[in-house]
Amino acid sequence: MNPANVPVLTIDGPSGSGKGTISRLVAEQLGWRLLDSGALYRAVGYAAGAAGLDLSDEEAITRCAQTTRIQFRAAADGGETHVFVNGHDATDELRTETAGAAASAIASVPSVRHALVAMQLGFRKAPGLVADGRDMGTVIFPDAPFKVFLTASSAERAKRRYKQLKEKGLSVTLATLQREIEARDARDASRAVAPLKPAEDAVLIDTTGIGIGDVVAKVLAVVQR
Ligand code: DC
């Protein structure tokens with residue numbers, strides 16, 4: 001099938017809006033592929049850190065984005081997908097707040113974003129694609145027939161993240177997390193290139209106080225309309 005004819009559902013929104021979980025569940029329900037674009041930025045940030053690069057050295061980071069090998073592999077037991085960066089299973093490292101902050105920093109460099117475009121377009125394959133990120137509906141797949149923008153209050157997003165990290169035994173405070181989330185939102189929304197904002201034709205869904213099952217149903221309704 002010509003990629004332009006493959007249906008795409010874009011799910012954009014700030015960190016902690018539930019995008020990751022919702023995108024995975026919706027892709028499973030539809031039987032479509034999944035693009036976790038944040039994982040690409042995290043992978044480049046991680047590779048840059050592993051190579052000892054200075055995150056403000058745009059030329060070096062761009063070269064890193066152009067050459068880092070990123071592979072998604074489904075776990076043999078049907079569990080979560082693992083992300084390999086230059087052959088190393090970096091799944092756990094990529095989930096940390098440090099990796100998120102590094103990703104957010106390098107994501108503001110236009111040439112880094114450019115280096116990752118072709119890889120993202122390559123995910124558009126039959127029978128369909130759920131694309132999770134910040135600029136999926138605005139920049140990468142502007143022609144997508146289905147677009148959703150998820151939001152939630154920063155307090156709610158901090159609470160969700162706090163619960164996840166506590167379950168992993170990490171020690172954090174709620175107030176620190178909320179501050180970090182607000183700082184990252186401000187940086188992602190104010191950058192000159194591909195800032196975090198809803199596409200004009202996106203359906204806005206506020207997930208504050210709504211359970212995962214209900215959000216999935218609302219998103220599926222956008223596709224089935
Ligand atoms: O969705 P996430 O938390 O894994 O994303 C990590 C960072 O990557 C986020 O702070 C901004 C950046 N990002 C981006 O700029 N564009 C995307 N499509 C996805 C993520």
# chains A, B, ... in the order shown; residues from 1 in each chain; ligands from 1
>>> closest_atom_pairs(of="chain A", to="ligand 1", cutoff="6 Å", atoms="only C-alpha atoms and all ligand atoms", output="tab-separated table")
residue	atom	partner	partner_atom_place_in_ligand_line	distance
A:Ser15	CA	ligand 1	3 (O)	4.8
A:Ser37	CA	ligand 1	19 (C)	4.8
A:Gly38	CA	ligand 1	4 (O)	3.6
A:Ala39	CA	ligand 1	4 (O)	5.3
A:Tyr41	CA	ligand 1	8 (O)	4.9
A:Arg42	CA	ligand 1	6 (C)	5.8
A:Gly100	CA	ligand 1	6 (C)	4.8
A:Ala103	CA	ligand 1	7 (C)	4.6
A:Ser104	CA	ligand 1	10 (O)	3.8
A:Ala107	CA	ligand 1	15 (O)	4.6
A:Gly133	CA	ligand 1	18 (N)	3.7
A:Arg134	CA	ligand 1	18 (N)	4.1
A:Asp135	CA	ligand 1	18 (N)	4.9
A:Met136	CA	ligand 1	18 (N)	5.9
A:Arg184	CA	ligand 1	10 (O)	6.0
A:Asp188	CA	ligand 1	11 (C)	5.9
>>> select_by_dssp(residues="range 85-223 of chain A", states="helix (DSSP H, G or I)", output="ChimeraX atom specification")
/A:91-94,97-106,110-115,117-121,136-140,154-167,174-190,212-223
>>> select_by_dssp(residues="range 12-118 of chain A", states="strand (DSSP E)", output="count of residues only")
15
>>> closest_residue(among="A:Ala75, A:Leu150, A:Leu174, A:Ile106", to="Arg191 in chain A", atoms="only C-alpha atoms")
A:Ile106
>>> closest_residue(among="A:Glu180, A:Arg187, A:Glu97, A:Ala152", to="Gly18 in chain A", atoms="only C-alpha atoms")
A:Ala152
>>> closest_atom_pairs(of="range 91-209 of chain A", to="range 84-87 of chain A", cutoff="12 Å", atoms="only C-alpha atoms", output="Markdown table")
| residue | atom | partner | partner_atom | distance |
| --- | --- | --- | --- | --- |
| A:Thr91 | CA | A:Phe84 | CA | 7.1 |
| A:Asp92 | CA | A:Phe84 | CA | 10.5 |
| A:Glu93 | CA | A:Val85 | CA | 10.5 |
| A:Leu94 | CA | A:Val85 | CA | 9.7 |
>>> residues_around(residues="Ala194 in chain A", least_positions_apart="2", cutoff="7 Å", atoms="only C-alpha atoms", output="list of chain:residue names")
A:Asp135, A:Val139, A:Ala192, A:Leu196
>>> write_last_selection(atoms="N, CA, C and O atoms", output="mmCIF file, in the first residue's frame")
data_model
loop_
_atom_site.group_PDB
_atom_site.id
_atom_site.type_symbol
_atom_site.label_atom_id
_atom_site.label_comp_id
_atom_site.auth_asym_id
_atom_site.auth_seq_id
_atom_site.Cartn_x
_atom_site.Cartn_y
_atom_site.Cartn_z
ATOM 1 N N ASP A 135 4.695 16.435 18.042
ATOM 2 C CA ASP A 135 4.484 17.119 16.758
ATOM 3 C C ASP A 135 3.998 16.148 15.693
ATOM 4 O O ASP A 135 4.211 16.371 14.509
ATOM 5 N N VAL A 139 3.598 18.315 12.417
ATOM 6 C CA VAL A 139 4.783 18.340 11.552
ATOM 7 C C VAL A 139 5.017 17.024 10.807
ATOM 8 O O VAL A 139 5.217 17.012 9.595
ATOM 9 N N ALA A 192 11.365 27.161 19.227
ATOM 10 C CA ALA A 192 11.009 27.760 17.944
ATOM 11 C C ALA A 192 10.539 26.706 16.954
ATOM 12 O O ALA A 192 9.651 26.958 16.141
ATOM 13 N N LEU A 196 5.294 22.200 21.228
ATOM 14 C CA LEU A 196 4.162 21.378 21.654
ATOM 15 C C LEU A 196 2.880 22.207 21.559
ATOM 16 O O LEU A 196 2.698 23.156 22.316
#
>>> closest_residue(among="A:Val83, A:Ala158, A:Ile212, A:Cys64", to="Arg95 in chain A", atoms="only C-alpha atoms")
A:Val83
>>> closest_residue(among="A:Ile61, A:Leu121, A:Ala47, A:Ile210", to="Pro3 in chain A", atoms="only C-alpha atoms")
A:Leu121
>>> residues_around(residues="Gly209 in chain A", least_positions_apart="5", cutoff="12 Å", atoms="only C-alpha atoms", output="number ranges by chain")
A: 17-18, 151-153, 155-157, 159-160, 214-215
>>> write_last_selection(atoms="N, CA, C and O atoms", output="short mmCIF file (atom, residue, chain, number, x, y, z; two decimals), in the first residue's frame")
data_model
loop_
_atom_site.label_atom_id
_atom_site.label_comp_id
_atom_site.auth_asym_id
_atom_site.auth_seq_id
_atom_site.Cartn_x
_atom_site.Cartn_y
_atom_site.Cartn_z
N SER A 17 0.62 12.98 30.20
CA SER A 17 -0.80 13.12 29.84
C SER A 17 -1.42 11.75 29.60
O SER A 17 -2.61 11.65 29.34
N GLY A 18 -0.59 10.69 29.69
CA GLY A 18 -1.10 9.34 29.49
C GLY A 18 -0.92 8.85 28.06
O GLY A 18 -1.35 7.76 27.71
N THR A 151 -4.44 16.15 27.21
CA THR A 151 -3.90 17.05 28.23
C THR A 151 -4.28 16.50 29.59
O THR A 151 -5.10 15.59 29.70
N ALA A 152 -3.69 17.06 30.63
CA ALA A 152 -4.08 16.79 32.02
C ALA A 152 -3.38 17.86 32.84
O ALA A 152 -2.34 18.38 32.40
N SER A 153 -3.92 18.20 33.99
CA SER A 153 -3.28 19.24 34.80
C SER A 153 -1.88 18.78 35.20
O SER A 153 -1.61 17.57 35.29
N ALA A 155 -0.51 18.97 38.05
CA ALA A 155 -0.58 18.29 39.35
C ALA A 155 -0.95 16.82 39.15
O ALA A 155 -0.33 15.92 39.74
N GLU A 156 -1.90 16.56 38.27
CA GLU A 156 -2.32 15.17 38.01
C GLU A 156 -1.18 14.40 37.33
O GLU A 156 -0.90 13.25 37.64
N ARG A 157 -0.49 15.05 36.40
CA ARG A 157 0.59 14.37 35.69
C ARG A 157 1.74 14.05 36.63
O ARG A 157 2.35 12.98 36.55
N LYS A 159 1.42 13.47 39.81
CA LYS A 159 0.94 12.38 40.66
C LYS A 159 1.11 11.03 39.97
O LYS A 159 1.55 10.05 40.57
N ARG A 160 0.76 10.96 38.70
CA ARG A 160 0.89 9.71 37.93
C ARG A 160 2.35 9.26 37.86
O ARG A 160 2.68 8.09 38.04
N ASP A 214 -11.66 4.74 29.94
CA ASP A 214 -12.55 5.76 29.36
C ASP A 214 -11.82 6.61 28.33
O ASP A 214 -12.39 7.01 27.31
N VAL A 215 -10.52 6.90 28.60
CA VAL A 215 -9.74 7.69 27.63
C VAL A 215 -9.57 6.89 26.34
O VAL A 215 -9.75 7.41 25.23
#
>>> closest_residue(among="A:Ala217, A:Ile181, A:Phe149, A:Leu165", to="Glu200 in chain A", atoms="only C-alpha atoms")
A:Phe149
>>> closest_residue(among="A:Val223, A:Leu116, A:Val130, A:Leu177", to="Ala65 in chain A", atoms="only C-alpha atoms")
A:Leu116
>>> atom_distance(atom1="CA of Lys163 in chain A", atom2="CA of Asp89 in chain A")
24.4 Å
>>> atom_distance(atom1="CA of Pro145 in chain A", atom2="CA of Gly16 in chain A")
24.6 Å
>>> residues_around(residues="Gly31 in chain A", least_positions_apart="2", cutoff="9 Å", atoms="only C-alpha atoms", output="list in words")
Val26, Ala27, Glu28, Gln29, Arg33, Pro127, Gly128 and Leu129 of chain A
>>> write_last_selection(atoms="all heavy atoms", output="PDB file, in the first residue's frame")
ATOM      1  N   VAL A  26      -4.534   1.675  22.371  1.00  0.00           N
ATOM      2  CA  VAL A  26      -5.329   1.951  21.172  1.00  0.00           C
ATOM      3  C   VAL A  26      -4.735   1.199  19.969  1.00  0.00           C
ATOM      4  O   VAL A  26      -5.466   0.614  19.164  1.00  0.00           O
ATOM      5  CB  VAL A  26      -5.399   3.479  20.912  1.00  0.00           C
ATOM      6  CG1 VAL A  26      -5.965   3.785  19.542  1.00  0.00           C
ATOM      7  CG2 VAL A  26      -6.240   4.162  21.985  1.00  0.00           C
ATOM      8  N   ALA A  27      -3.395   1.184  19.862  1.00  0.00           N
ATOM      9  CA  ALA A  27      -2.746   0.458  18.756  1.00  0.00           C
ATOM     10  C   ALA A  27      -3.091  -1.034  18.840  1.00  0.00           C
ATOM     11  O   ALA A  27      -3.385  -1.669  17.820  1.00  0.00           O
ATOM     12  CB  ALA A  27      -1.234   0.668  18.791  1.00  0.00           C
ATOM     13  N   GLU A  28      -3.093  -1.567  20.059  1.00  0.00           N
ATOM     14  CA  GLU A  28      -3.433  -2.990  20.234  1.00  0.00           C
ATOM     15  C   GLU A  28      -4.866  -3.254  19.773  1.00  0.00           C
ATOM     16  O   GLU A  28      -5.133  -4.197  19.054  1.00  0.00           O
ATOM     17  CB  GLU A  28      -3.330  -3.370  21.720  1.00  0.00           C
ATOM     18  CG  GLU A  28      -1.962  -3.929  22.103  1.00  0.00           C
ATOM     19  CD  GLU A  28      -1.799  -4.029  23.611  1.00  0.00           C
ATOM     20  OE1 GLU A  28      -2.820  -4.216  24.333  1.00  0.00           O
ATOM     21  OE2 GLU A  28      -0.664  -3.894  24.076  1.00  0.00           O
ATOM     22  N   GLN A  29      -5.776  -2.372  20.191  1.00  0.00           N
ATOM     23  CA  GLN A  29      -7.195  -2.548  19.852  1.00  0.00           C
ATOM     24  C   GLN A  29      -7.418  -2.472  18.347  1.00  0.00           C
ATOM     25  O   GLN A  29      -8.216  -3.215  17.803  1.00  0.00           O
ATOM     26  CB  GLN A  29      -8.029  -1.437  20.503  1.00  0.00           C
ATOM     27  CG  GLN A  29      -8.113  -1.552  22.001  1.00  0.00           C
ATOM     28  CD  GLN A  29      -9.405  -2.234  22.434  1.00  0.00           C
ATOM     29  OE1 GLN A  29     -10.367  -2.277  21.690  1.00  0.00           O
ATOM     30  NE2 GLN A  29      -9.393  -2.777  23.633  1.00  0.00           N
ATOM     31  N   ARG A  33       0.305  -0.456  13.951  1.00  0.00           N
ATOM     32  CA  ARG A  33       1.662  -0.288  14.457  1.00  0.00           C
ATOM     33  C   ARG A  33       1.714   0.897  15.412  1.00  0.00           C
ATOM     34  O   ARG A  33       0.815   1.734  15.394  1.00  0.00           O
ATOM     35  CB  ARG A  33       2.627   0.011  13.307  1.00  0.00           C
ATOM     36  CG  ARG A  33       2.882  -1.153  12.434  1.00  0.00           C
ATOM     37  CD  ARG A  33       3.355  -0.714  11.060  1.00  0.00           C
ATOM     38  NE  ARG A  33       3.190  -1.832  10.153  1.00  0.00           N
ATOM     39  CZ  ARG A  33       4.112  -2.791  10.014  1.00  0.00           C
ATOM     40  NH1 ARG A  33       5.257  -2.701  10.649  1.00  0.00           N
ATOM     41  NH2 ARG A  33       3.893  -3.803   9.205  1.00  0.00           N
ATOM     42  N   PRO A 127      -1.409  -2.199   8.560  1.00  0.00           N
ATOM     43  CA  PRO A 127      -2.735  -1.651   8.240  1.00  0.00           C
ATOM     44  C   PRO A 127      -2.968  -0.235   8.788  1.00  0.00           C
ATOM     45  O   PRO A 127      -3.973   0.385   8.435  1.00  0.00           O
ATOM     46  CB  PRO A 127      -3.680  -2.633   8.946  1.00  0.00           C
ATOM     47  CG  PRO A 127      -2.893  -3.131  10.123  1.00  0.00           C
ATOM     48  CD  PRO A 127      -1.450  -3.171   9.664  1.00  0.00           C
ATOM     49  N   GLY A 128      -2.067   0.302   9.591  1.00  0.00           N
ATOM     50  CA  GLY A 128      -2.272   1.651  10.124  1.00  0.00           C
ATOM     51  C   GLY A 128      -1.228   1.946  11.177  1.00  0.00           C
ATOM     52  O   GLY A 128      -0.465   1.063  11.582  1.00  0.00           O
ATOM     53  N   LEU A 129      -1.164   3.214  11.592  1.00  0.00           N
ATOM     54  CA  LEU A 129      -0.148   3.624  12.566  1.00  0.00           C
ATOM     55  C   LEU A 129      -0.745   4.527  13.641  1.00  0.00           C
ATOM     56  O   LEU A 129      -1.508   5.447  13.333  1.00  0.00           O
ATOM     57  CB  LEU A 129       0.977   4.386  11.845  1.00  0.00           C
ATOM     58  CG  LEU A 129       2.049   5.002  12.756  1.00  0.00           C
ATOM     59  CD1 LEU A 129       2.888   3.899  13.417  1.00  0.00           C
ATOM     60  CD2 LEU A 129       2.956   5.946  11.975  1.00  0.00           C
TER      61      LEU A 129
END
